[in-house]
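Trainee: One structure is given below, represented as structure tokens, and several questions about it will come after.
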Amino acid sequence: MRVDRVSTRSVTGGVCGAGKKQLLPERRRERRKFCGPVTRLSTRAGAEAGSGYGVFGPAREMDGVEQTLASLSHTARLGGAVALVAGALGVGYVTGGKAVAGNPVAKVAGAAVSGGVAAVALTKLQEKTYDAAAAELHNICVAAGGDPSQLDSQAIQSLAPRYGLENLSDKLGLELKRIYDAYLSSVLPSSDEPLKGDEPNKIKAFKEALGIDDGAAAECHIELGNRLKRQRLESGSREGGLQELRAFQKLVFVSEQVFGEKKAKFLLPWKRVFNLTDAQLNLAKKDNASSLYNSKLEGFTEDLLNESFLSELRTTQQQLGLGDETASKSMQKILRQEVEKKLDGAIEVLNMRVRERDLSNAVTLLEGIVALNRKVLSLSENENLACGLAQISLYGGKYAADTERANLKALYKVFIEERLAKESCISSATVADADVLKLIFGMGNKEAANVKHAIASKAYRKMLAAAYRDGTLEAQESKATWLQQLCEKISFDAEEAMEVNLEQYRMKLESLIEKQGAISDEEDAELNKIQKLLCIQGPQITSLNEEVKGKAFNVTLNDILTVTADAFGSSEIMRLRKAVNNLRLEKDLALELASRKARQQMMTMVQRVRSQRNQVDAAQELKKIVFYSNFVLTPLVEEIDPSIAEENKKRAQQQEVMELMAKAQEEAKKEEEAEKKAAEEEGDASTTSGAWGLESESNAAEEPKEAEAAEAPAAATSSSTDGDQPSTLKKAKQGDSKQKERGQKVITLKEEMEIRDRQDLYRQYLLYCMQGEVRKLGMGSSIVLERDESEFARLIQLGDVLGLTEADTMQIHQSLAEQAFKNQAQQMVSGSAMTPEKREALKEIQTKLGLNDSVAESVIKGLVDKNVVGNLQALHAQGLLTVSKLREMKASGVDIDSVMKKEARETLFKKEVEKMLSNGQGIFDRNEVLVDIPKELGIEEKTAKKFVDASVKGKLRLLFVQAISFLRQGNGAELTSTVNNVIACHNAVPDESIAWKDKDELMDVYAFFYKNSAQDTEKLGTLQGILSLTDEETASLKQLVDSGKFSPIEQQNEDDMAIF
């Protein structure tokens, strides 16, 4: 796997492994203790510190060779090396020559062997030199004690030229990584300890002083991450794994701070090596950056809320790479905690159990919260300052709990009340500060408004009461202006102030009524004074009186209005009068209250009407409603409003005068009829002869005729006026005019019931009046008692109680009269035609019921049409329906359009046309078929012509072919019938013609038709035109037929073929 490969490279080829050039065994032994696994970073650092060795362990001692090499300069070491090699070559050369005398190869071989030995020695010496350099580098770091500021960077930089290295990383890379790894492990805190914030700067300073390049340093960071990963996997507990995870997150955060965000992306492949996601890396960075940012905010006080500190916070945030949102949350949390501290103190003062609480300290703390919020908002305009400087909120803190809402609401209330007590008003500054507290506390607009309203209302009541008691309000020239100024002073809405005024007036009125049950003159004057001082308008007083006085008045009304009609008397009137006077009720208000209660009582009676199962019981209950209105409500209304009694009295007097006039007119009419009758008798008794006598007699006869003609229009006008009303309505009005007691029309059920329900009740009682009372007898039989005409007198009064207009009652009477007339007419019309005798009988019924002519004619027409439709359906079912039948009905006055659909009439017309063209009579009157019949049947002429053309098209030639066929068969009867059909088709569509090749056959057809229809010259002329025969040809054919010598060609041929 990729992770294992990188890890192996880091371990073997990095810090702990041996490369191609192995360090000496002593160095490897020295390094082993830095390469083994560590349980915790802080544990190892603490152990090293406890042993006195520090971060990098003890100082490393060099042996004699290393000391000697370290003391020499690079030039001296090079010269020594050259001298060593040269000496070894010379010694080898001499030694080889002595060994084999005179042999030059032996000398060269000896020099080579000696040179090889010298090379090995030089290699060892070179390693010793590097070990000496590593030891010296180690000791320099040990001397610094882990403090980057004490590390001698110049000494480290001088090592490379002293030991002949271009860069320490060339030969001492492993040592540099070991030292850097040790320092990195020591600087990073354990998982339990937070970052201090100086770790990235320390590591960067040490890295720069050590001179290690970024790539090598990044390998150390990756290697440390691998060790932490192994430790997490090897950990036997969940807690241990979490600790190593926290340590790894710190490593990720510090590493990015050391290398920078851009370099860290390619130097530290965390995602690839450790299979991490961007979210995990961002979380590690965010958590540690937030922790460091919060540590910066520890110990924050309101005094630190200045631009210098906030600017420093902004810089810290940017250095840590912390997002604005996270930084804002941290700042808001700190500000919320500052507010919570002040709130704790304010609530402590609020909850103190003392007799006299001094809430000024609580108000001071709340003012401090407001000042802090405003200071924060003023600094929020500067974008270069720390994030999170916005409206302070308690959301997310302990005071966001529902259990603390009551305390916050109490503090809000105390703040406004104490400011009001201190300033004697609710100033705009107080309102503004209260709005700030509302936002901080998270109160809703409605909740805060309720608190303000309660405080302002209480203050308004106190100030208003004080001004009323000491006379300040009464002394004001303009009470409304003073009240308006008071509202503005305490920021109280004028409409709400008026509600308080109305409440005070109501309380005063209720107290007066509850004490005595009546209002005296002094109390009434005081109420008027209060009304004037509080600027209460008349409609508002009326509403209050209706509510308060109406409650007391309803008690009396309940007792009075529950009395039945026969028990109601003067005692109830006296109680009503006393209640109205004691409560000082106005006429309109008393009448309105009485009307409501009376309507409720009548609705109860209506419910009893609806609960009855038979018509008689329901009618009795309706009569009770009329009696209740006449004998209970009428006296009550007249007592409350005397003007109604005067109107009823005047109406009764007018009715009496009208009755006297009616009697006088009736007597005059009787006298006139008697005189007329006497005159007629005298005229019949006188008989004379002679021309003069006859002339005088004729003149006497003409004079009565002229008088009758003159009186006819007047009589017609009178009858038409009376005829506009049904007879039942006339009876009702006549009966009502004879009633002495006059019912009231003020209290009705118009508003309590729908018009349809009221009309149903009226119709129900009207049917009772028309039908009479039905009594059930035994064995399922019943008897109808004689109708009581006096019941009609109560119809008008019932209509008044139900709130029906004259048009409404007229409609009911009209509908019932129309239904009765329809029932009578249906019996006469059904099954037979309408005769004059039947019309006369229906006219009498119409007059008796009082129906006008238009309604009666409409009913009769509907019934006749219905009867006609039934007859038409019967004829159609029997197949007897023809155009002639329809024409007869049309002539008798039946509206064909209303009893038969247009489509059916068109179909019947089409059948009639087909019949004319195929009945063999040869009769087709074009004008009658295309003009008269369509007009009578309501068919358009264009449609009729279209039907005729469609029927004739192509039929003329077919008929003529049939005629030729019958000619050839010798069938004279069928030939004549077919020729007649041809003539009819030609008359229907004269444009149609026939073309036939055999002229002899055409002449035979004409001769045959002449032989059978010699008298019908018109048809012969038409046939001549159809066959295109000349006059000479037709004349010769007629002569031939008349001579008896005519025989068709076919028969002649057959005679020629006969043998016997």
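Labels for the structure tokens follow display order: chains A, B, ..., residues from 1 in each chain, ligands from 1.
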Could you pull the residues within 10 Å of Gln257 in chain A, counting only C-alpha atoms, minus those fewer than 4 positions along the same chain, as a list in words?

Mentor: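 What passes the distance filter is Glu199, Pro200, Asn201, Ile203, Lys204, Leu251, Val252, Phe253, Glu261, Ala264, Lys285, Gln319, Leu320 and Gly321 of chain A.
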
Trainee: For the selection just defined, write its residues with N, CA and C atoms to a file, as an mmCIF file, in the first residue's frame.

Mentor:
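Here's the written file selection-v6.cif:
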```cif
data_model
loop_
_atom_site.group_PDB
_atom_site.id
_atom_site.type_symbol
_atom_site.label_atom_id
_atom_site.label_comp_id
_atom_site.auth_asym_id
_atom_site.auth_seq_id
_atom_site.Cartn_x
_atom_site.Cartn_y
_atom_site.Cartn_z
ATOM 1 N N GLU A 199 3.769 27.602 19.368
ATOM 2 C CA GLU A 199 4.414 26.424 18.798
ATOM 3 C C GLU A 199 4.834 26.644 17.345
ATOM 4 N N PRO A 200 3.992 27.154 16.466
ATOM 5 C CA PRO A 200 4.446 27.345 15.075
ATOM 6 C C PRO A 200 5.643 28.276 14.956
ATOM 7 N N ASN A 201 5.656 29.339 15.736
ATOM 8 C CA ASN A 201 6.793 30.272 15.664
ATOM 9 C C ASN A 201 8.074 29.623 16.172
ATOM 10 N N ILE A 203 8.804 26.401 16.139
ATOM 11 C CA ILE A 203 9.268 25.391 15.170
ATOM 12 C C ILE A 203 9.884 26.076 13.955
ATOM 13 N N LYS A 204 9.261 27.161 13.489
ATOM 14 C CA LYS A 204 9.828 27.862 12.336
ATOM 15 C C LYS A 204 11.183 28.462 12.675
ATOM 16 N N LEU A 251 -0.969 18.301 15.298
ATOM 17 C CA LEU A 251 0.145 18.224 14.353
ATOM 18 C C LEU A 251 -0.258 18.805 13.000
ATOM 19 N N VAL A 252 -1.445 18.458 12.527
ATOM 20 C CA VAL A 252 -1.907 18.977 11.234
ATOM 21 C C VAL A 252 -2.002 20.489 11.261
ATOM 22 N N PHE A 253 -2.589 21.029 12.323
ATOM 23 C CA PHE A 253 -2.761 22.480 12.428
ATOM 24 C C PHE A 253 -1.402 23.201 12.504
ATOM 25 N N GLU A 261 -0.055 27.838 4.143
ATOM 26 C CA GLU A 261 -1.134 27.075 3.515
ATOM 27 C C GLU A 261 -0.746 26.563 2.142
ATOM 28 N N ALA A 264 2.059 23.808 2.398
ATOM 29 C CA ALA A 264 1.579 22.621 3.084
ATOM 30 C C ALA A 264 0.751 21.727 2.169
ATOM 31 N N LYS A 285 -8.062 21.708 11.696
ATOM 32 C CA LYS A 285 -7.570 23.088 11.685
ATOM 33 C C LYS A 285 -8.524 24.012 12.442
ATOM 34 N N GLN A 319 -3.943 35.010 11.125
ATOM 35 C CA GLN A 319 -2.760 34.147 11.237
ATOM 36 C C GLN A 319 -3.146 32.701 11.489
ATOM 37 N N LEU A 320 -4.156 32.510 12.269
ATOM 38 C CA LEU A 320 -4.597 31.145 12.570
ATOM 39 C C LEU A 320 -5.401 30.527 11.437
ATOM 40 N N GLY A 321 -5.803 31.350 10.467
ATOM 41 C CA GLY A 321 -6.617 30.827 9.373
ATOM 42 C C GLY A 321 -8.022 30.468 9.816
#
```

Trainee: Any idea what's packed within 10 Å of range 398-413 of chain A, counting only C-alpha atoms, ignoring anything in its chain fewer than 2 positions away? Could you give it as a VMD selection string?

Mentor: chain A and resid 336 to 337 340 343 to 344 346 to 347 350 to 351 359 362 to 363 366 393 to 396 415 to 418 434 to 435 437 to 438 440 to 443 447 to 448 451 to 452 454 to 455

Trainee: Residues as selected, N, CA and C atoms, written as an mmCIF file, in the first residue's frame, can you do that?

Mentor:
```
data_model
loop_
_atom_site.group_PDB
_atom_site.id
_atom_site.type_symbol
_atom_site.label_atom_id
_atom_site.label_comp_id
_atom_site.auth_asym_id
_atom_site.auth_seq_id
_atom_site.Cartn_x
_atom_site.Cartn_y
_atom_site.Cartn_z
ATOM 1 N N ARG A 336 -21.752 37.597 25.137
ATOM 2 C CA ARG A 336 -22.912 37.063 25.843
ATOM 3 C C ARG A 336 -22.570 36.756 27.303
ATOM 4 N N GLN A 337 -21.390 36.224 27.538
ATOM 5 C CA GLN A 337 -20.981 35.939 28.911
ATOM 6 C C GLN A 337 -20.849 37.213 29.731
ATOM 7 N N GLU A 340 -24.310 38.100 30.579
ATOM 8 C CA GLU A 340 -24.838 37.176 31.576
ATOM 9 C C GLU A 340 -24.337 37.504 32.975
ATOM 10 N N LEU A 343 -26.460 40.261 34.106
ATOM 11 C CA LEU A 343 -27.806 39.769 34.387
ATOM 12 C C LEU A 343 -27.858 38.992 35.690
ATOM 13 N N ASP A 344 -26.798 38.239 35.984
ATOM 14 C CA ASP A 344 -26.757 37.528 37.257
ATOM 15 C C ASP A 344 -26.879 38.497 38.425
ATOM 16 N N ALA A 346 -28.178 41.562 38.329
ATOM 17 C CA ALA A 346 -29.487 42.208 38.336
ATOM 18 C C ALA A 346 -30.555 41.285 38.905
ATOM 19 N N ILE A 347 -30.511 39.995 38.534
ATOM 20 C CA ILE A 347 -31.503 39.051 39.049
ATOM 21 C C ILE A 347 -31.311 38.814 40.538
ATOM 22 N N LEU A 350 -33.000 41.581 42.123
ATOM 23 C CA LEU A 350 -34.437 41.453 41.942
ATOM 24 C C LEU A 350 -35.044 40.432 42.895
ATOM 25 N N ASN A 351 -34.275 39.375 43.220
ATOM 26 C CA ASN A 351 -34.781 38.290 44.060
ATOM 27 C C ASN A 351 -34.462 38.463 45.534
ATOM 28 N N LEU A 359 -33.990 48.880 43.624
ATOM 29 C CA LEU A 359 -33.755 48.302 42.287
ATOM 30 C C LEU A 359 -32.854 49.163 41.425
ATOM 31 N N ALA A 362 -29.982 47.168 39.978
ATOM 32 C CA ALA A 362 -30.390 46.340 38.836
ATOM 33 C C ALA A 362 -30.536 47.184 37.578
ATOM 34 N N VAL A 363 -31.103 48.379 37.718
ATOM 35 C CA VAL A 363 -31.250 49.261 36.557
ATOM 36 C C VAL A 363 -29.889 49.683 36.033
ATOM 37 N N LEU A 366 -28.508 46.926 34.005
ATOM 38 C CA LEU A 366 -29.195 46.854 32.713
ATOM 39 C C LEU A 366 -28.754 47.983 31.798
ATOM 40 N N SER A 393 -26.858 38.917 21.724
ATOM 41 C CA SER A 393 -28.033 38.075 21.926
ATOM 42 C C SER A 393 -27.725 37.033 22.979
ATOM 43 N N LEU A 394 -28.748 36.658 23.716
ATOM 44 C CA LEU A 394 -28.602 35.623 24.749
ATOM 45 C C LEU A 394 -28.829 34.228 24.194
ATOM 46 N N TYR A 395 -29.040 34.120 22.898
ATOM 47 C CA TYR A 395 -29.278 32.813 22.286
ATOM 48 C C TYR A 395 -28.040 31.934 22.433
ATOM 49 N N GLY A 396 -28.249 30.726 22.908
ATOM 50 C CA GLY A 396 -27.145 29.801 23.102
ATOM 51 C C GLY A 396 -26.595 29.807 24.504
ATOM 52 N N PHE A 415 -36.963 47.736 34.521
ATOM 53 C CA PHE A 415 -36.185 48.803 33.873
ATOM 54 C C PHE A 415 -37.092 49.968 33.475
ATOM 55 N N ILE A 416 -38.221 49.664 32.828
ATOM 56 C CA ILE A 416 -39.122 50.732 32.377
ATOM 57 C C ILE A 416 -39.789 51.413 33.571
ATOM 58 N N GLU A 417 -40.211 50.607 34.561
ATOM 59 C CA GLU A 417 -40.881 51.195 35.722
ATOM 60 C C GLU A 417 -39.962 52.118 36.501
ATOM 61 N N GLU A 418 -38.720 51.717 36.724
ATOM 62 C CA GLU A 418 -37.785 52.549 37.475
ATOM 63 C C GLU A 418 -37.439 53.817 36.709
ATOM 64 N N ALA A 434 -35.135 50.398 26.121
ATOM 65 C CA ALA A 434 -35.977 49.216 26.296
ATOM 66 C C ALA A 434 -36.007 48.360 25.031
ATOM 67 N N ASP A 435 -35.986 48.991 23.873
ATOM 68 C CA ASP A 435 -35.952 48.227 22.616
ATOM 69 C C ASP A 435 -34.642 47.450 22.483
ATOM 70 N N LEU A 437 -32.861 46.292 25.037
ATOM 71 C CA LEU A 437 -32.998 45.152 25.937
ATOM 72 C C LEU A 437 -33.919 44.089 25.339
ATOM 73 N N LYS A 438 -34.943 44.526 24.657
ATOM 74 C CA LYS A 438 -35.851 43.562 24.023
ATOM 75 C C LYS A 438 -35.105 42.683 23.027
ATOM 76 N N ILE A 440 -31.837 42.099 22.979
ATOM 77 C CA ILE A 440 -30.850 41.269 23.678
ATOM 78 C C ILE A 440 -31.538 40.097 24.360
ATOM 79 N N PHE A 441 -32.665 40.354 24.999
ATOM 80 C CA PHE A 441 -33.382 39.296 25.708
ATOM 81 C C PHE A 441 -34.106 38.345 24.766
ATOM 82 N N GLY A 442 -34.238 38.715 23.512
ATOM 83 C CA GLY A 442 -34.939 37.856 22.558
ATOM 84 C C GLY A 442 -36.435 37.847 22.761
ATOM 85 N N MET A 443 -36.975 38.957 23.226
ATOM 86 C CA MET A 443 -38.418 39.053 23.436
ATOM 87 C C MET A 443 -39.119 39.381 22.123
ATOM 88 N N GLU A 447 -44.869 40.485 23.010
ATOM 89 C CA GLU A 447 -44.576 40.314 24.433
ATOM 90 C C GLU A 447 -44.079 41.614 25.040
ATOM 91 N N ALA A 448 -43.133 42.259 24.349
ATOM 92 C CA ALA A 448 -42.609 43.534 24.854
ATOM 93 C C ALA A 448 -43.686 44.608 24.858
ATOM 94 N N VAL A 451 -45.890 44.265 27.887
ATOM 95 C CA VAL A 451 -45.262 44.787 29.105
ATOM 96 C C VAL A 451 -45.329 46.307 29.127
ATOM 97 N N LYS A 452 -44.977 46.924 27.992
ATOM 98 C CA LYS A 452 -45.043 48.387 27.913
ATOM 99 C C LYS A 452 -46.471 48.873 28.134
ATOM 100 N N ALA A 454 -48.886 47.427 29.786
ATOM 101 C CA ALA A 454 -49.291 47.271 31.181
ATOM 102 C C ALA A 454 -48.715 48.382 32.053
ATOM 103 N N ILE A 455 -47.443 48.721 31.808
ATOM 104 C CA ILE A 455 -46.812 49.782 32.606
ATOM 105 C C ILE A 455 -47.445 51.132 32.299
#
```

Trainee: Please identify all polymer residues within 12 Å of range 498-500 of chain A, counting only C-alpha atoms, omitting same-chain residues fewer than 5 positions from it, and present them as a VMD selection string.

Mentor: chain A and resid 453 to 454 456 to 462 464 to 465 480 483 to 484 487 492 to 493 505 to 507 531 533 to 537 540 544

Trainee: Would you mind exporting the chosen residues as a short mmCIF file (atom, residue, chain, number, x, y, z; two decimals), in the first residue's frame, restricted to N, CA, C and O atoms?

Mentor:
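Result written to part-v5.cif:
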```cif
data_model
loop_
_atom_site.label_atom_id
_atom_site.label_comp_id
_atom_site.auth_asym_id
_atom_site.auth_seq_id
_atom_site.Cartn_x
_atom_site.Cartn_y
_atom_site.Cartn_z
N HIS A 453 -47.41 48.19 27.53
CA HIS A 453 -48.80 48.60 27.65
C HIS A 453 -49.26 48.50 29.10
O HIS A 453 -49.98 49.39 29.61
N ALA A 454 -48.89 47.43 29.79
CA ALA A 454 -49.29 47.27 31.18
C ALA A 454 -48.71 48.38 32.05
O ALA A 454 -49.40 48.95 32.91
N ALA A 456 -47.59 51.42 31.00
CA ALA A 456 -48.16 52.71 30.61
C ALA A 456 -49.61 52.82 31.06
O ALA A 456 -50.05 53.89 31.50
N SER A 457 -50.35 51.73 30.97
CA SER A 457 -51.74 51.75 31.40
C SER A 457 -51.85 52.02 32.90
O SER A 457 -52.68 52.82 33.35
N LYS A 458 -51.01 51.37 33.67
CA LYS A 458 -51.00 51.58 35.11
C LYS A 458 -50.63 53.02 35.44
O LYS A 458 -51.27 53.66 36.29
N ALA A 459 -49.60 53.55 34.77
CA ALA A 459 -49.20 54.94 35.01
C ALA A 459 -50.29 55.91 34.59
O ALA A 459 -50.53 56.92 35.26
N TYR A 460 -50.95 55.60 33.46
CA TYR A 460 -52.03 56.48 33.00
C TYR A 460 -53.17 56.52 34.01
O TYR A 460 -53.73 57.58 34.30
N ARG A 461 -53.50 55.36 34.58
CA ARG A 461 -54.58 55.32 35.56
C ARG A 461 -54.24 56.14 36.80
O ARG A 461 -55.07 56.90 37.31
N LYS A 462 -52.99 55.97 37.26
CA LYS A 462 -52.57 56.71 38.45
C LYS A 462 -52.59 58.22 38.22
O LYS A 462 -53.12 58.98 39.02
N LEU A 464 -54.18 59.87 35.89
CA LEU A 464 -55.53 60.34 35.61
C LEU A 464 -56.33 60.45 36.91
O LEU A 464 -57.08 61.42 37.12
N ALA A 465 -56.17 59.48 37.81
CA ALA A 465 -56.89 59.52 39.08
C ALA A 465 -56.44 60.70 39.92
O ALA A 465 -57.26 61.40 40.54
N ALA A 480 -59.27 67.34 26.11
CA ALA A 480 -58.69 66.44 25.10
C ALA A 480 -57.21 66.71 24.92
O ALA A 480 -56.39 65.78 24.80
N LEU A 483 -55.31 65.31 27.95
CA LEU A 483 -55.22 63.85 27.88
C LEU A 483 -54.22 63.40 26.81
O LEU A 483 -53.48 62.43 27.00
N GLN A 484 -54.19 64.13 25.68
CA GLN A 484 -53.25 63.79 24.63
C GLN A 484 -51.81 64.00 25.10
O GLN A 484 -50.92 63.19 24.82
N CYS A 487 -50.79 61.18 27.33
CA CYS A 487 -50.45 59.97 26.56
C CYS A 487 -49.06 60.08 25.97
O CYS A 487 -48.27 59.11 25.98
N PHE A 492 -48.10 56.39 25.61
CA PHE A 492 -49.30 55.57 25.66
C PHE A 492 -50.17 55.92 24.48
O PHE A 492 -50.42 57.09 24.19
N ASP A 493 -50.65 54.88 23.77
CA ASP A 493 -51.45 55.10 22.58
C ASP A 493 -52.78 55.75 22.96
O ASP A 493 -53.42 55.40 23.97
N TYR A 505 -65.33 54.52 33.09
CA TYR A 505 -66.75 54.89 33.05
C TYR A 505 -67.62 53.67 33.31
O TYR A 505 -68.63 53.74 34.03
N ARG A 506 -67.27 52.54 32.71
CA ARG A 506 -68.04 51.33 32.90
C ARG A 506 -68.01 50.90 34.37
O ARG A 506 -69.05 50.50 34.93
N MET A 507 -66.85 50.94 34.96
CA MET A 507 -66.74 50.55 36.37
C MET A 507 -67.61 51.44 37.25
O MET A 507 -68.26 50.96 38.19
N GLN A 531 -68.07 61.71 31.75
CA GLN A 531 -68.07 61.59 30.29
C GLN A 531 -67.39 62.80 29.66
O GLN A 531 -66.59 62.67 28.73
N LEU A 533 -65.20 64.94 31.09
CA LEU A 533 -63.78 65.03 31.44
C LEU A 533 -62.94 64.02 30.65
O LEU A 533 -61.82 64.32 30.26
N LEU A 534 -63.49 62.85 30.45
CA LEU A 534 -62.74 61.81 29.76
C LEU A 534 -62.95 61.85 28.25
O LEU A 534 -62.43 60.97 27.53
N CYS A 535 -63.69 62.82 27.75
CA CYS A 535 -63.88 63.01 26.30
C CYS A 535 -64.47 61.77 25.63
O CYS A 535 -64.01 61.32 24.57
N ILE A 536 -65.48 61.18 26.27
CA ILE A 536 -66.14 60.00 25.71
C ILE A 536 -67.29 60.47 24.83
O ILE A 536 -68.12 61.28 25.24
N GLN A 537 -67.35 59.94 23.61
CA GLN A 537 -68.35 60.35 22.64
C GLN A 537 -69.69 59.66 22.89
O GLN A 537 -69.79 58.67 23.62
N GLN A 540 -70.12 55.92 21.99
CA GLN A 540 -69.43 55.07 22.96
C GLN A 540 -70.25 54.94 24.24
O GLN A 540 -70.32 53.85 24.83
N LEU A 544 -71.78 51.54 25.93
CA LEU A 544 -71.60 51.17 27.33
C LEU A 544 -72.95 50.99 28.03
O LEU A 544 -73.14 50.05 28.81
#
```

Trainee: Counting only C-alpha atoms, what is within 12 Å of Leu283 in chain A, bar same-chain residues fewer than 3 positions away, as a list in words?

Mentor: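 Residues meeting the cut-off are Leu245, Arg246, Phe248, Gln249, Lys250, Val252, Phe253, Leu276, Thr277, Asp278, Ala279, Gln280, Lys286, Asp287, Asn288, Ala289, Ser290, Ser291, Leu322, Gly323 and Thr326 of chain A.
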
Trainee: If we count only C-alpha atoms and set the cut-off at 10 Å, which residues sit around range 139-141 of chain A, ignoring sequence neighbours fewer than 4 positions away in its own chain? Please answer as a compact mmCIF listing (two decimals) with N, CA and C atoms, in the first residue's frame.

Mentor:
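part-v5.txt, freshly written:
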```txt
# COMPACT_ATOMS: atom_id res chain seq x y z
N VAL A 55 15.95 18.08 25.60
CA VAL A 55 15.17 17.64 24.45
C VAL A 55 15.96 16.68 23.58
N PHE A 56 17.28 16.95 23.40
CA PHE A 56 18.07 16.17 22.43
C PHE A 56 18.92 15.10 23.11
N GLY A 57 18.74 14.89 24.36
CA GLY A 57 19.54 13.89 25.05
C GLY A 57 20.87 14.48 25.54
N PRO A 58 21.74 13.62 26.04
CA PRO A 58 23.04 14.11 26.57
C PRO A 58 23.99 14.53 25.45
N ALA A 59 24.96 15.32 25.82
CA ALA A 59 26.01 15.72 24.84
C ALA A 59 26.80 14.50 24.41
N ARG A 60 27.16 14.46 23.16
CA ARG A 60 27.87 13.31 22.61
C ARG A 60 29.39 13.55 22.70
N GLU A 61 30.12 12.56 23.27
CA GLU A 61 31.58 12.66 23.40
C GLU A 61 32.25 12.07 22.15
N ALA A 133 31.32 15.82 12.69
CA ALA A 133 30.44 16.94 12.36
C ALA A 133 29.07 16.73 12.97
N ALA A 134 28.53 15.46 12.91
CA ALA A 134 27.24 15.18 13.49
C ALA A 134 27.25 15.36 14.99
N ALA A 135 28.34 14.91 15.62
CA ALA A 135 28.45 15.06 17.07
C ALA A 135 28.51 16.54 17.44
N GLY A 145 19.54 23.83 24.56
CA GLY A 145 18.52 23.39 25.51
C GLY A 145 17.11 23.43 24.97
N GLY A 146 16.92 23.34 23.68
CA GLY A 146 15.58 23.33 23.12
C GLY A 146 14.99 24.70 22.92
N ASP A 147 15.76 25.74 23.19
CA ASP A 147 15.28 27.11 22.99
C ASP A 147 15.83 27.61 21.66
N PRO A 148 14.93 27.86 20.68
CA PRO A 148 15.45 28.29 19.36
C PRO A 148 16.25 29.60 19.44
N GLN A 150 18.32 30.41 21.70
CA GLN A 150 19.68 30.13 22.21
C GLN A 150 20.50 29.29 21.26
N LEU A 151 19.87 28.84 20.19
CA LEU A 151 20.59 27.99 19.23
C LEU A 151 21.54 28.86 18.42
N ASP A 152 22.83 28.45 18.36
CA ASP A 152 23.87 29.21 17.66
C ASP A 152 23.81 28.85 16.18
N SER A 153 23.07 29.63 15.43
CA SER A 153 22.90 29.34 14.01
C SER A 153 24.18 29.56 13.23
N ALA A 155 27.22 28.98 14.33
CA ALA A 155 28.06 27.79 14.53
C ALA A 155 27.60 26.66 13.65
N ILE A 156 26.26 26.54 13.50
CA ILE A 156 25.75 25.47 12.64
C ILE A 156 26.11 25.75 11.18
N ILE A 179 17.34 15.57 14.76
CA ILE A 179 17.28 16.71 15.68
C ILE A 179 15.95 17.44 15.53
N TYR A 180 15.53 17.68 14.29
CA TYR A 180 14.28 18.39 14.05
C TYR A 180 13.10 17.58 14.57
N TYR A 183 12.93 17.88 18.31
CA TYR A 183 12.41 19.18 18.74
C TYR A 183 10.90 19.31 18.44
N PHE A 206 13.30 27.39 14.94
CA PHE A 206 14.28 26.30 15.07
C PHE A 206 14.64 25.75 13.71
N LEU A 210 18.33 25.74 12.37
CA LEU A 210 18.97 24.46 12.07
C LEU A 210 19.41 24.38 10.63
```

Trainee: Given the choices A:His221, A:Arg162, A:Lys910, A:Lys271, which gets closest to Asp181 in chain A if the distance is worked out from only C-alpha atoms?

Mentor: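 When distances to Asp181 in chain A are compared using only C-alpha atoms, the smallest one comes from A:His221.
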
Trainee: Mind the document's chain letters and residue numbers, and return as a PyMOL selection string the residues of range 221-343 of chain A that DSSP labels alpha helix (DSSP H).

Mentor: chain A and resi 221-234+238-259+261-267+270-274+278-297+307-320+324-343

Trainee: When you look at range 1005-1015 of chain A with a cut-off of 12 Å (counting only C-alpha atoms), what residues show up, excluding the ones that are within fewer than 5 positions of it in the same chain? I need them as a VMD selection string.

Mentor: chain A and resid 921 to 922 960 to 968 970 to 980 982 to 983 996 998 to 1000 1020 to 1030 1033 to 1049

Trainee: Enter the distance from CA of Gln620 in chain A to CA of Glu754 in chain A, in Å, rounded to one decimal.

Mentor: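 Value for the CA of Gln620 in chain A-CA of Glu754 in chain A distance: 22.0 Å.
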
Trainee: Which is closer to Asp932 in chain A than all the others in A:Gln154, A:Phe909, A:Glu477, A:Cys220, using only C-alpha atoms?

Mentor: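 Among the listed residues, A:Phe909 lies closest to Asp932 in chain A.
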